[in-house]
Amino acid sequence: MASTSQPAPSGATKDVSLYQFFAPGGVLARTHPAYEFRRGQLQMAQAVEQALQEKRHLIVEAGTGTGKTLAYLLPVIRSGKRVIISTGTKNLQEQLFYKDIPFLEQALFPHREGKLNVCYMKGRNNYLCRKKLYDLTDQPVLSGLEEIEHYRAIAAWEKTTQTGDRAELAELPEASALWHKLDARSDTCLGQKCSSWEKCFITEMHRRAMESDIVIVNHHLFFADLAIKQSSDGAPDAGILPDVGTVIFDEAHELEDVAGNYFGVSVSNARVEELCRDVEASLQRNRMYTAALSGALKSLRERSQFFFALLAAGEGRFAFENRREFLEENGDEFMGLQQALQRLGAELANIPSKPEEIFNFVRRAQELQVQLGFLMESEDHNTVFWVERRRGGRDRLNVFLQATPIDVAPILKKCLFDSLECAVLTSATLAVGGGFEYIRGRLGLEHARESVLPSHFDYSSQAILYVPPDLPDPRTPQFAAKAADLIRRLLEITRGRAFVLFTSYAQMNDVHQRLLGELEFPMLLQGDAPKSALLEEFRLTPNAVLFATSSFWQGVDVQGEQLSCVIIDRLPFAVPSDPVVAARVKCIDAEGGNAFFQYQVPAAVITLKQGFGRLIRSLRDRGLLVLLDNRILKKAYGRVFVESLPNYLRTTEIRQVEEFFGL
Ligand code: SF4
């Protein structure tokens with residue numbers, strides 16, 4: 001948590017109209033070093049102000065370069081209301097807290113006559129749990145020199161930090177195993193019964209949030225909090241975010257996926273193992289280890305291993321439609337795991353005069369039992385049940401049994417939009433074919449004003465979109481060889497300086513292999529280094545070409561000539577066999593809709609807009625966009641994509657691409 005500590009804004013901000021603030025010669029022009037008049041920014045600010053005043057919801061698409069953060073921050077400050085701003089990325093949270101809000105404070109209150117109460121909150125696992133650290137200090141159980149070193153650094157820092165936010169500890173590696181044992185995540189927290197409650201960083205964060213006018217969070221924290229409040233039936237101390245009437249969702253195109261995760265249920269072998277480890281460490285520390293408890297833990301570990309080994313084989317995500325048949329065949333293993341959880345809970349509950357944390361373990365064992373029961377036996381029609389196997393630390397294969405809402409719309413309508421007086425949803429990519437029908441339907445936002453703002457960029461002169469008309473269909477085996485030839489030719493025109501983005505790892509690796517040794521430019525490949533390191537290398541390496549998949553389609557910002565070309569291999573339809581996608585498709589079709597046009601095409605349109613959005617990041621940027629999938633020209637649905645993209649110069653002639661680059 002971070003916070004600026006000031007009283008609420010005065011009415012001084014009302015003395016200046018939005019026009020006087022944003023217009024040429026206005027406050028922004030006088031105070032911002034890179035000022036440009038942006039019509040879309042003023043329009044957005046007016047729309048947000050109106051929504052706040054009229055207590056209505058608003059959806060607004062504001063392309064890159066609109067300056068949308070100032071366009072919502074100023075009306076928020078002028079409203080004097082307490083507001084939560086939820087964003088998709090850490091970069092944007094930091095920009096708001098460290099750059100935009102201090103700038104506005106300075107611009108609006110140059111003589112420090114007013115100030116803003118602002119608080120920046122991250123997920124709980126970013127903060128230190130003092131109780132865990134103190135417990136460890138009494139009886140350090142550390143494995144290896146590295147953990148000892150990390151422990152010393154954390155213990156020294158705990159004495160001075162005001163926030164407990166690990167971001168302050170730059171020397172602590174991202175993947176520190178010790179941090180995971182010491183973080184303040186909720187399932188290990190004792191809440192008000194904790195002996196360190198009063199000086200806990202989370203308690204302090206909660207306090208700050210309650211006093212703040214603007215609370216900045218990310219979507220994960222927002223929906224985790226909403227789900228906790230929802231499941232606790234409005235208990236007054238549930239959750240850590242203050243109750244507000246207004247929420248601004250920036251990068252709102254991510255809401256459906258994030259909300260789906262937090263309103264779902266997930267139980268894994270890793271979660272069972274984590275409970276066993278936590279119980280073990282606590283029993284050892286408190287000298288309460290008995291033969292009965294050791295037996296209960298051993299049995300739980302064995303039962304968990306038996307049960308999870310029976311679930312779908314292989315890595316990836318798989319539908320789990322045959323739960324009933326599975327239970328008929330493997331009911332004993334399921335019951336065995338349930339009984340082992342119950343036994344551990346009972347043994348723990350039987351410990352006389354036990355410390356508070358033991359009660360917490362009993363609760364966790366019961367919660368696992370209830371959730372496992374739901375995952376295996378629920379008949380809920382709005383839930384898809386599925387299994388995921390993925391690699392965890394030390395190359396362990398973790399198995400997750402998951403339940404995800406098929407349609408989050410009714411949930412969000414009820415517990416979010418119907419209870420807020422004003423929600424503002426904004427992003428550079430929300431509209432499909434110029435309208436918001438898709439996003440409103442997916443999120444259950446029935447009544448909202450809508451606005452698609454004019455772009456600040458002159459796309460028709462800044463970018464050319466090339467679609468090769470004669471490449472084979474990207475779903476055919478002939479595609480990769482032909483695509484690699486064309487990519488080589490295009491990169492010679494742009495002198496590298498490109499992102500080549502793929503919809504699958506297989507296609508990325510195939511094309512990358514074909515071009516190895518064929519290109520005269522440095523080639524970078526996703527997976528060879530962490531994302532941030534690869535991006536840094538791309539920025540610093542002249543004429544570099546980066547081969548990457550979905551994680552580079554969004555939230556990546558490379559300004560200037562270094563990125564002059566973005567090539568995308570195919571229309572980014574979600575994998576139809578993915579269990580969540582398949583369940584959504586089936587549900588829409590079963591209700592008489594057309595899932596392809598109502599769900600798959602619009603979702604792919606938004607992803608494509610995100611991917612192409614990497615190229616033009618400023619008024620001075622210029623470059624080439626390539627879609628190697630000519631279904632956009634040949635299929636009827638291609639029109640929806642074409643109509644949804646900005647008005648790039650468009651061509652099917654490579655000659656025109658050369659001319660664009662002055663060749
Ligand atoms: S209240 Fe929870 S997070 Fe805070 S110190 Fe205690 S156990 Fe840790």
# chains A, B, ... in the order shown; residues from 1 in each chain; ligands from 1
>>> residues_near_ligand(ligand="ligand 1", cutoff="12 Å", atoms="only C-alpha atoms and all ligand atoms", output="PyMOL selection string")
chain A and resi 123-135+158+164+181-206+240+356-357+360
>>> closest_atom_pairs(of="region 151-219 of chain A", to="region 89-94 of chain A", cutoff="12 Å", atoms="only C-alpha atoms", output="tab-separated table")
residue	atom	partner	partner_atom	distance
A:Ala167	CA	A:Lys90	CA	11.5
A:Val215	CA	A:Gln93	CA	10.3
A:Ile216	CA	A:Gln93	CA	6.6
A:Val217	CA	A:Gln93	CA	7.1
A:Asn218	CA	A:Thr89	CA	6.8
A:His219	CA	A:Thr89	CA	8.4
>>> select_by_dssp(residues="region 31-130 of chain A", states="helix (DSSP H, G or I)", output="PyMOL selection string")
chain A and resi 31+39-54+68-79+90-108+124-126+130
>>> residues_around(residues="region 276-282 of chain A", least_positions_apart="2", cutoff="10 Å", atoms="only C-alpha atoms", output="PyMOL selection string")
chain A and resi 135-136+141+181+188+270-274+284-289+293-294+296-298+300-301+344+348+355+357-358+360-362+365
>>> write_last_selection(atoms="C-alpha atoms", output="PDB file, in the first residue's frame")
ATOM      1  CA  ASP A 135       6.919 -16.766  14.389  1.00  0.00           C
ATOM      2  CA  LEU A 136       9.825 -17.527  12.120  1.00  0.00           C
ATOM      3  CA  VAL A 141      13.205 -23.081   9.962  1.00  0.00           C
ATOM      4  CA  LYS A 181       5.976 -18.317   3.421  1.00  0.00           C
ATOM      5  CA  THR A 188      -3.429 -17.861   6.397  1.00  0.00           C
ATOM      6  CA  ALA A 270      -0.907 -27.853  -4.396  1.00  0.00           C
ATOM      7  CA  ARG A 271      -3.516 -26.253  -2.129  1.00  0.00           C
ATOM      8  CA  VAL A 272      -3.879 -29.449  -0.104  1.00  0.00           C
ATOM      9  CA  GLU A 273      -0.093 -29.738   0.153  1.00  0.00           C
ATOM     10  CA  GLU A 274       0.175 -26.108   1.258  1.00  0.00           C
ATOM     11  CA  GLN A 284       6.530 -28.148  15.099  1.00  0.00           C
ATOM     12  CA  ARG A 285       6.826 -24.529  16.192  1.00  0.00           C
ATOM     13  CA  ASN A 286       4.242 -25.006  18.913  1.00  0.00           C
ATOM     14  CA  ARG A 287       5.607 -28.411  19.916  1.00  0.00           C
ATOM     15  CA  MET A 288       2.223 -30.011  19.378  1.00  0.00           C
ATOM     16  CA  TYR A 289       3.142 -32.726  16.944  1.00  0.00           C
ATOM     17  CA  LEU A 293      -1.695 -35.647  13.785  1.00  0.00           C
ATOM     18  CA  SER A 294       1.255 -37.093  11.940  1.00  0.00           C
ATOM     19  CA  ALA A 296      -3.742 -37.535   9.688  1.00  0.00           C
ATOM     20  CA  LEU A 297      -1.274 -35.523   7.636  1.00  0.00           C
ATOM     21  CA  LYS A 298       0.245 -38.624   6.068  1.00  0.00           C
ATOM     22  CA  LEU A 300      -4.257 -36.594   3.649  1.00  0.00           C
ATOM     23  CA  ARG A 301      -1.139 -36.433   1.485  1.00  0.00           C
ATOM     24  CA  LEU A 344      -7.222 -33.665   9.915  1.00  0.00           C
ATOM     25  CA  LEU A 348      -6.659 -30.273  14.965  1.00  0.00           C
ATOM     26  CA  PRO A 355      -3.117 -21.229  19.419  1.00  0.00           C
ATOM     27  CA  GLU A 357      -3.741 -20.352  13.934  1.00  0.00           C
ATOM     28  CA  ILE A 358      -4.893 -23.948  14.534  1.00  0.00           C
ATOM     29  CA  ASN A 360      -7.596 -21.280  10.976  1.00  0.00           C
ATOM     30  CA  PHE A 361      -6.302 -24.647   9.727  1.00  0.00           C
ATOM     31  CA  VAL A 362      -9.561 -26.304  10.806  1.00  0.00           C
ATOM     32  CA  ALA A 365      -9.690 -28.059   5.904  1.00  0.00           C
TER      33      ALA A 365
END
>>> closest_residue(among="A:Trp179, A:Tyr599, A:Trp386, A:Phe22", to="Lys586 (chain A)", atoms="only C-alpha atoms")
A:Tyr599
>>> select_by_dssp(residues="region 199-301 of chain A", states="strand (DSSP E)", output="NGL selection string")
:A and (214-218 or 246-249 or 265-268)
>>> write_last_selection(atoms="N, CA and C atoms", output="CSV table (one decimal), in the first residue's frame")
chain,number,residue,atom,x,y,z
A,214,ILE,N,-9.7,8.6,-3.2
A,214,ILE,CA,-9.5,7.8,-4.4
A,214,ILE,C,-8.7,6.6,-4.0
A,215,VAL,N,-9.2,5.4,-4.3
A,215,VAL,CA,-8.5,4.1,-4.0
A,215,VAL,C,-8.1,3.5,-5.3
A,216,ILE,N,-6.8,3.2,-5.5
A,216,ILE,CA,-6.4,2.6,-6.8
A,216,ILE,C,-6.1,1.1,-6.5
A,217,VAL,N,-6.7,0.3,-7.3
A,217,VAL,CA,-6.5,-1.2,-7.1
A,217,VAL,C,-6.4,-1.8,-8.5
A,218,ASN,N,-6.1,-3.1,-8.5
A,218,ASN,CA,-6.2,-3.8,-9.8
A,218,ASN,C,-7.4,-4.7,-9.9
A,246,THR,N,-19.1,4.6,-6.7
A,246,THR,CA,-18.6,4.8,-8.0
A,246,THR,C,-17.3,4.1,-8.2
A,247,VAL,N,-17.2,3.4,-9.3
A,247,VAL,CA,-16.0,2.7,-9.7
A,247,VAL,C,-15.6,3.0,-11.1
A,248,ILE,N,-14.3,3.3,-11.3
A,248,ILE,CA,-13.9,3.5,-12.7
A,248,ILE,C,-13.1,2.2,-13.1
A,249,PHE,N,-13.4,1.5,-14.1
A,249,PHE,CA,-12.7,0.3,-14.6
A,249,PHE,C,-11.9,0.7,-15.8
A,265,VAL,N,-14.5,-21.5,-8.4
A,265,VAL,CA,-13.9,-22.3,-7.3
A,265,VAL,C,-12.7,-23.1,-7.8
A,266,SER,N,-11.7,-23.2,-7.1
A,266,SER,CA,-10.5,-24.0,-7.5
A,266,SER,C,-9.9,-24.8,-6.4
A,267,VAL,N,-9.8,-26.1,-6.5
A,267,VAL,CA,-9.1,-26.9,-5.5
A,267,VAL,C,-8.0,-27.6,-6.2
A,268,SER,N,-6.8,-27.7,-5.7
A,268,SER,CA,-5.7,-28.3,-6.3
A,268,SER,C,-4.9,-29.2,-5.3
>>> residues_around(residues="Ile654 (chain A)", least_positions_apart="3", cutoff="9 Å", atoms="only C-alpha atoms", output="ChimeraX atom specification")
/A:466-468,490,651,657-659
>>> residues_around(residues="region 324-336 of chain A", least_positions_apart="6", cutoff="12 Å", atoms="only C-alpha atoms", output="PyMOL selection string")
chain A and resi 296+299-312+342-343+369+372-373+375-379+385
>>> residues_around(residues="Ala544 (chain A)", least_positions_apart="5", cutoff="8 Å", atoms="only C-alpha atoms", output="MDAnalysis selection string")
chainID A and resid 496:498 521:524 538 562
>>> closest_atom_pairs(of="region 21-110 of chain A", to="region 395-419 of chain A", cutoff="12 Å", atoms="only C-alpha atoms", output="JSON lines")
{"residue": "A:Lys55", "atom": "CA", "partner": "A:Ser419", "partner_atom": "CA", "distance": 11.5}
{"residue": "A:Arg56", "atom": "CA", "partner": "A:Phe417", "partner_atom": "CA", "distance": 9.9}
{"residue": "A:His57", "atom": "CA", "partner": "A:Phe417", "partner_atom": "CA", "distance": 8.1}
{"residue": "A:Leu58", "atom": "CA", "partner": "A:Phe417", "partner_atom": "CA", "distance": 11.0}
>>> residues_around(residues="region 450-452 of chain A", least_positions_apart="2", cutoff="6 Å", atoms="only C-alpha atoms", output="VMD selection string")
chain A and resid 58 to 61
>>> atom_distance(atom1="CA of Arg78 (chain A)", atom2="CA of Lys99 (chain A)")
18.5 Å
>>> atom_distance(atom1="CA of Ile606 (chain A)", atom2="CA of Leu430 (chain A)")
6.7 Å
>>> closest_residue(among="A:Leu178, A:Val76, A:Val545, A:Ala29", to="Leu491 (chain A)", atoms="only C-alpha atoms")
A:Val545
>>> closest_residue(among="A:Ala603, A:Gly40, A:Lys81, A:Phe502", to="Gly245 (chain A)", atoms="only C-alpha atoms")
A:Lys81
>>> closest_residue(among="A:Leu486, A:Ala533, A:Val601, A:Leu615", to="Leu465 (chain A)", atoms="only C-alpha atoms")
A:Leu615
>>> closest_residue(among="A:Ser564, A:Gln559, A:Gln507, A:Thr607", to="Glu492 (chain A)", atoms="only C-alpha atoms")
A:Ser564
